[in-house]
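Engineer: Structure: run22.csv, CSV, C-alpha atoms and all ligand atoms.
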chain,number,residue,atom,x,y,z
P,11,MET,CA,0.0,0.0,0.0
P,12,ALA,CA,1.3,3.4,-0.9
P,13,ARG,CA,1.0,7.0,0.3
P,14,VAL,CA,-0.1,9.4,-2.4
P,15,CYS,CA,0.1,13.2,-2.4
P,16,LEU,CA,-2.6,14.6,-4.7
P,17,THR,CA,-1.7,17.8,-6.5
P,18,PHE,CA,-3.8,19.9,-9.0
P,19,ASP,CA,-2.0,22.3,-11.3
P,20,ASN,CA,-2.8,25.1,-13.7
P,21,GLY,CA,-6.0,26.4,-12.1
P,22,PRO,CA,-8.0,27.9,-10.9
P,23,THR,CA,-10.4,27.5,-13.9
P,24,GLU,CA,-14.0,26.7,-14.5
P,25,ALA,CA,-13.0,23.1,-13.9
P,26,THR,CA,-11.9,23.7,-10.3
P,27,PRO,CA,-15.4,23.6,-8.6
P,28,ALA,CA,-16.0,20.0,-9.8
P,29,VAL,CA,-12.6,18.9,-8.5
P,30,LEU,CA,-13.3,20.5,-5.2
P,31,LYS,CA,-16.7,18.8,-5.0
P,32,THR,CA,-15.2,15.4,-5.7
P,33,LEU,CA,-12.5,15.8,-3.1
P,34,ALA,CA,-15.1,16.9,-0.6
P,35,ARG,CA,-17.2,13.9,-1.2
P,36,ARG,CA,-14.2,11.7,-0.8
P,37,GLY,CA,-13.1,13.5,2.3
P,38,LEU,CA,-9.6,14.1,0.8
P,39,SER,CA,-7.2,17.0,1.0
P,40,ALA,CA,-4.9,18.1,-1.8
P,41,THR,CA,-2.6,20.9,-2.9
P,42,PHE,CA,-3.6,23.3,-5.7
P,43,PHE,CA,-0.6,24.8,-7.6
P,44,VAL,CA,-2.2,27.9,-9.1
P,45,VAL,CA,-1.1,30.1,-11.9
P,46,GLY,CA,-0.6,33.6,-10.7
P,47,ARG,CA,-2.4,35.5,-13.5
P,48,GLN,CA,-5.4,33.3,-13.0
P,49,VAL,CA,-5.6,33.7,-9.3
P,50,ALA,CA,-5.2,37.5,-9.8
P,51,THR,CA,-8.8,37.7,-11.2
P,52,PRO,CA,-11.7,38.0,-8.7
P,53,GLU,CA,-13.2,34.7,-10.0
P,54,GLY,CA,-9.8,32.9,-9.7
P,55,TRP,CA,-9.2,34.3,-6.2
P,56,ALA,CA,-12.6,33.2,-5.0
P,57,LEU,CA,-12.0,29.6,-6.3
P,58,ALA,CA,-8.5,29.5,-4.6
P,59,ALA,CA,-10.0,30.9,-1.4
P,60,ARG,CA,-12.7,28.2,-1.5
P,61,ALA,CA,-10.0,25.5,-2.0
P,62,ARG,CA,-8.1,26.9,1.0
P,63,ALA,CA,-11.3,27.1,3.1
P,64,GLU,CA,-12.1,23.4,2.3
P,65,GLY,CA,-8.8,22.3,3.7
P,66,HIS,CA,-6.6,22.2,0.7
P,67,ARG,CA,-3.2,23.9,0.3
P,68,VAL,CA,-2.6,26.6,-2.2
P,69,GLY,CA,0.9,26.8,-3.8
P,70,ASN,CA,2.6,29.0,-6.5
P,71,HIS,CA,3.0,27.6,-10.0
P,72,THR,CA,4.5,30.8,-11.6
P,73,TYR,CA,2.7,33.9,-12.7
P,74,SER,CA,2.6,33.2,-16.5
P,75,HIS,CA,3.1,29.5,-16.8
P,76,ALA,CA,4.8,30.1,-20.1
P,77,THR,CA,8.5,29.4,-20.0
P,78,PRO,CA,10.6,27.2,-17.7
P,79,LEU,CA,12.4,29.6,-15.4
P,80,GLY,CA,15.8,28.3,-16.4
P,81,TYR,CA,15.3,30.0,-19.8
P,82,LEU,CA,14.5,33.4,-18.3
P,83,SER,CA,16.7,36.2,-17.1
P,84,ALA,CA,17.5,36.4,-13.4
P,85,ALA,CA,15.0,39.3,-13.0
P,86,ASP,CA,12.2,37.7,-15.0
P,87,ALA,CA,12.5,34.3,-13.2
P,88,CYS,CA,12.3,36.0,-9.8
P,89,ALA,CA,9.3,38.1,-11.0
P,90,GLU,CA,7.5,35.0,-12.1
P,91,ILE,CA,7.7,33.7,-8.5
P,92,GLU,CA,7.1,37.1,-6.8
P,93,ARG,CA,4.1,38.2,-8.9
P,94,ALA,CA,2.3,34.8,-8.4
P,95,GLU,CA,3.0,34.9,-4.6
P,96,ALA,CA,1.6,38.4,-4.4
P,97,ALA,CA,-1.5,37.3,-6.2
P,98,ILE,CA,-1.9,34.3,-3.9
P,99,GLY,CA,-1.4,36.6,-0.9
P,100,ALA,CA,-3.1,35.4,2.3
P,101,LEU,CA,-4.2,32.2,0.7
P,102,GLY,CA,-0.7,30.8,0.6
P,103,HIS,CA,0.6,28.0,2.7
P,104,VAL,CA,3.2,28.5,5.4
P,105,PRO,CA,5.9,27.8,4.4
P,106,PRO,CA,5.2,29.0,0.9
P,107,LEU,CA,4.9,26.2,-1.7
P,108,PHE,CA,6.4,26.5,-5.2
P,109,ARG,CA,6.1,24.2,-8.2
P,110,PRO,CA,8.1,25.1,-11.2
P,111,PHE,CA,6.7,25.0,-14.7
P,112,GLY,CA,8.0,21.9,-16.4
P,113,ASP,CA,6.4,22.2,-19.8
P,114,GLY,CA,4.7,18.8,-20.1
P,115,GLY,CA,5.9,17.3,-16.8
P,116,GLN,CA,9.6,17.2,-17.6
P,117,ALA,CA,11.9,17.9,-14.6
P,118,ASP,CA,15.4,18.7,-15.4
P,119,HIS,CA,17.9,21.6,-15.2
P,120,TRP,CA,15.7,24.1,-17.0
P,121,LEU,CA,13.2,24.3,-14.1
P,122,LEU,CA,15.1,27.0,-12.3
P,123,ASN,CA,18.0,29.4,-12.8
P,124,ALA,CA,20.4,30.4,-10.1
P,125,ALA,CA,18.5,33.6,-9.3
P,126,ALA,CA,15.2,31.7,-8.9
P,127,ARG,CA,16.9,29.1,-6.7
P,128,ASP,CA,18.4,31.8,-4.4
P,129,HIS,CA,15.1,33.6,-4.3
P,130,LEU,CA,13.2,30.5,-3.2
P,131,ILE,CA,15.8,29.7,-0.6
P,132,ALA,CA,15.7,33.3,0.8
P,133,GLY,CA,11.9,33.2,0.8
P,134,GLY,CA,11.8,30.0,2.8
P,135,TYR,CA,10.0,28.2,0.1
P,136,THR,CA,9.3,24.5,-0.2
P,137,CYS,CA,9.8,23.4,-3.8
P,138,VAL,CA,7.5,20.5,-4.7
P,139,LEU,CA,8.3,18.4,-7.7
P,140,TRP,CA,6.5,15.2,-8.8
P,141,ASP,CA,7.1,11.6,-9.8
P,142,ASN,CA,3.7,10.6,-11.2
P,143,VAL,CA,2.5,12.5,-14.3
P,144,PRO,CA,-0.1,10.4,-16.0
P,145,HIS,CA,-1.0,13.0,-18.7
P,146,ASP,CA,-4.6,13.7,-17.7
P,147,TRP,CA,-4.5,16.8,-19.9
P,148,ASP,CA,-4.0,14.8,-23.2
P,149,ASP,CA,-5.4,11.4,-22.4
P,150,ARG,CA,-8.6,12.0,-20.3
P,151,ASP,CA,-9.4,8.3,-20.1
P,152,GLY,CA,-6.0,6.5,-20.2
P,153,TRP,CA,-4.5,8.5,-17.4
P,154,VAL,CA,-6.3,6.5,-14.7
P,155,GLU,CA,-4.6,3.2,-15.4
P,156,ARG,CA,-1.2,4.9,-15.7
P,157,ALA,CA,-1.6,6.8,-12.5
P,158,LEU,CA,-2.7,3.6,-10.6
P,159,ALA,CA,0.3,1.6,-12.0
P,160,MET,CA,2.7,4.3,-10.9
P,161,VAL,CA,1.1,4.5,-7.4
P,162,ARG,CA,1.5,0.7,-7.0
P,163,ALA,CA,5.2,0.9,-8.1
P,164,SER,CA,6.3,3.1,-5.3
P,165,SER,CA,5.7,3.4,-1.5
P,166,SER,CA,5.1,7.1,-1.8
P,167,SER,CA,4.5,9.4,-4.7
P,168,VAL,CA,3.4,12.9,-5.8
P,169,LEU,CA,0.6,12.7,-8.4
P,170,VAL,CA,0.1,15.6,-10.8
P,171,LEU,CA,-3.4,16.2,-12.1
P,172,HIS,CA,-4.9,19.4,-13.6
P,173,ASP,CA,-8.0,21.4,-12.7
P,174,ILE,CA,-8.5,22.6,-16.2
P,175,ALA,CA,-11.2,21.8,-18.8
P,176,GLY,CA,-10.8,18.4,-20.5
P,177,ALA,CA,-8.3,17.0,-18.0
P,178,CYS,CA,-8.9,14.7,-15.0
P,179,GLY,CA,-12.4,15.9,-14.0
P,180,ASP,CA,-14.6,13.2,-15.6
P,181,ARG,CA,-12.5,10.3,-14.3
P,182,LEU,CA,-11.4,11.8,-10.9
P,183,ASP,CA,-14.1,10.3,-8.7
P,184,GLY,CA,-13.7,6.8,-10.2
P,185,PHE,CA,-9.9,7.0,-9.9
P,186,LEU,CA,-10.1,8.1,-6.3
P,187,GLY,CA,-12.5,5.2,-5.5
P,188,ARG,CA,-10.1,2.7,-7.0
P,189,LEU,CA,-7.1,4.3,-5.2
P,190,LEU,CA,-8.8,4.0,-1.8
P,191,ASP,CA,-10.3,0.5,-2.6
P,192,GLU,CA,-6.7,-0.7,-3.2
P,193,GLY,CA,-5.8,0.5,0.3
P,194,HIS,CA,-3.6,3.4,-0.6
P,195,THR,CA,-3.5,6.5,1.6
P,196,VAL,CA,-3.9,10.1,0.5
P,197,VAL,CA,-1.6,12.5,2.4
P,198,GLN,CA,-0.9,16.2,2.0
P,199,GLU,CA,2.8,16.2,3.0
P,200,GLU,CA,5.0,15.5,0.1
P,201,PRO,CA,7.7,12.8,0.4
P,202,ASP,CA,11.3,13.9,0.6
P,203,HIS,CA,12.3,12.5,-2.8
P,204,CYS,CA,10.0,15.1,-4.5
P,205,VAL,CA,11.1,18.0,-2.4
P,206,PRO,CA,14.6,19.3,-3.2
P,207,LEU,CA,14.0,22.4,-1.1
P,208,ARG,CA,12.0,22.4,2.2
P,209,ALA,CA,11.2,25.6,4.0
P,210,GLY,CA,14.3,27.2,2.5
P,211,VAL,CA,16.6,24.3,3.2
P,212,ALA,CA,18.0,22.8,0.1
P,213,THR,CA,19.0,19.2,-0.4
P,214,ALA,CA,21.9,18.1,-2.6
P,215,ASP,CA,19.3,17.5,-5.3
P,216,LEU,CA,18.3,21.1,-5.8
P,217,ASP,CA,21.1,22.0,-8.2
P,218,ARG,CA,20.0,19.3,-10.6
P,219,TYR,CA,17.1,21.6,-11.5
P,220,VAL,CA,19.1,24.8,-12.0
P,221,MET,CA,20.3,26.1,-15.3
P,222,GLU,CA,23.6,27.7,-14.3
P,223,ARG,CA,23.8,30.1,-17.2
P,224,SER,CA,20.9,32.4,-17.2
P,225,GLY,CA,19.1,33.6,-20.4
P,226,PRO,CA,19.5,37.1,-21.9
F,301,ZN,ZN,1.7,23.5,-15.0
Would you mind writing the structure in this file as C-alpha cells?
Structural biologist:
Amino acid sequence: MARVCLTFDNGPTEATPAVLKTLARRGLSATFFVVGRQVATPEGWALAARARAEGHRVGNHTYSHATPLGYLSAADACAEIERAEAAIGALGHVPPLFRPFGDGGQADHWLLNAAARDHLIAGGYTCVLWDNVPHDWDDRDGWVERALAMVRASSSSVLVLHDIAGACGDRLDGFLGRLLDEGHTVVQEEPDHCVPLRAGVATADLDRYVMERSGP
C-alpha cells in the first residue's frame, strides 16, 4: 500500500469547482498549484479561497506558466515567482509552496535558474516536484490506469493532475475510488524525494534543476 500526495496544477479555472466537489465527497485533502495570472482575477481568487477554506493547500505555479524559469533572465524568473506569490497573498501555505513549470511534466535543469533558486531559498519556500504525471490533460481516459500503475510501483508518490477543462475531471471520482479501494492512503505532506527544497533548506538534489547560465 502506498502513500499518495494529490496535486492539481494550472488552475483555478471553470473546472476547479467539480474537482473540489469530488475531493469533498471523498473527504480528501490536496494541494492546488495555481497560476498567478489566473488567481489574480476576482473569480480565480474566489476559487482558490474556496479550496483553502475546504482544507486544501494553495501553492505557487509561476505567474505566467509560459517558459521554464531556467530559460528566463534572473530578474524575469524572480518576477514569475514574486508576482504569483503576491496574487496568492493570504491564501498561501506556510511555508510557501512553489512548483516550477516543467512544460509537459519534464523535470530537469531548466526548471530554475540560479537567481530563482536563491530567491526560493531566501523566501523560505518548499519546492514541490513530482514523480507521477499520467498525462490527464492529453489522455482523459487512459491517465487513470497509468496513475494507478505508478502508485503501485512506489511506496510514496506525488501525483500531478490538472483542474483545467478536458483533463482529469470526468474520471477523478472513479480514480479516487479505486485508489482507496486498493488500500492506498492520500496524504498532503510530500515525500522527501520530490522536495529538493523544504522551507528554504536545500537538499543536494536542488542544483539538478538549476540552469547555471541564465538567459538574456
Ligand atoms: Zn503546470
Engineer: Can you measure atom CA of P:Tyr81 to atom CA of P:Leu216 for me? One decimal in Å is fine.
Structural biologist: 16.9 Å
Engineer: Which residues are close to stretch 106-119 of chain P, i.e. within 7 Å by all atoms listed in the file, leaving aside same-chain residues fewer than 5 positions away? Reply as a ChimeraX atom specification.
Structural biologist: /P:43,69-72,75,78,134-139,143,218-221
Engineer: As a ChimeraX atom specification, please: the residues near P:Ile98 (cut-off 10 Å, only C-alpha atoms, same-chain neighbours under 2 positions excluded).
Structural biologist: /P:44-50,54-55,58-59,68-70,73,92-96,100-103
Engineer: Contacts of stretch 194-208 of chain P at 8 Å or less, counting all atoms listed in the file, minus same-chain residues fewer than 6 places along, as a PyMOL selection string?
Structural biologist: chain P and resi 11-16+38-41+131+134-141+166-168+214-216
Engineer: Between atom CA of P:Asp183 and atom CA of P:Ala61, what is the distance, to one decimal in Å?
Structural biologist: 17.1 Å
Engineer: Interatomic distance between atom CA of P:Ala125 and atom CA of P:Ala212?
Structural biologist: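 Value for the atom CA of P:Ala125-atom CA of P:Ala212 distance: 14.3 Å.
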Engineer: I want to know what sits within 10 Å of stretch 147-157 of chain P, based on only C-alpha atoms, with residues of the same chain fewer than 2 positions away left out; could you give that as a list of chain:residue names?
Structural biologist: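 In the requested format, the answer is P:Gly114, P:Asn142, P:Val143, P:Pro144, P:His145, P:Ala159, P:Met160, P:Val161, P:Arg162, P:Leu169, P:Val170, P:Leu171, P:His172, P:Asp173, P:Ile174, P:Ala175, P:Gly176, P:Ala177, P:Cys178, P:Gly179, P:Asp180, P:Arg181, P:Leu182, P:Gly184, P:Phe185, P:Leu186, P:Arg188, P:Leu189.
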Engineer: Of the residues P:Arg62, P:Ser164, P:Leu57, P:Arg127, which is the one nearest to P:Ala25, using all atoms listed in the file?
Structural biologist: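 Closest candidate: P:Leu57.
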Engineer: Which one of P:Thr32, P:Thr26, P:Asn123, P:Ser74 sits closest to ligand ZN 301 (chain F) if you count all atoms listed in the file?
Structural biologist: P:Ser74
Engineer: Between P:Ala126, P:Asp191, P:Ala132, P:Glu53, which residue has the minimum interatomic distance to P:Leu158, considering only C-alpha atoms?
Structural biologist: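 For P:Leu158, the nearest of the given residues is P:Asp191.
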Engineer: Using all atoms listed in the file, which of the listed residues (P:Ala209, P:Ala56, P:Leu121, P:Ala34) sits closest to ligand ZN 301 (chain F)?
Structural biologist: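 Closest to ligand ZN 301 (chain F) of all the choices is P:Leu121.
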Engineer: Could you tell me which of P:Ala76, P:Pro27, P:Ala85, P:Gly37 comes closest to ligand ZN 301 (chain F) if we count all atoms listed in the file?
Structural biologist: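 Between P:Ala76, P:Pro27, P:Ala85, P:Gly37, the residue approaching ligand ZN 301 (chain F) most closely is P:Ala76.
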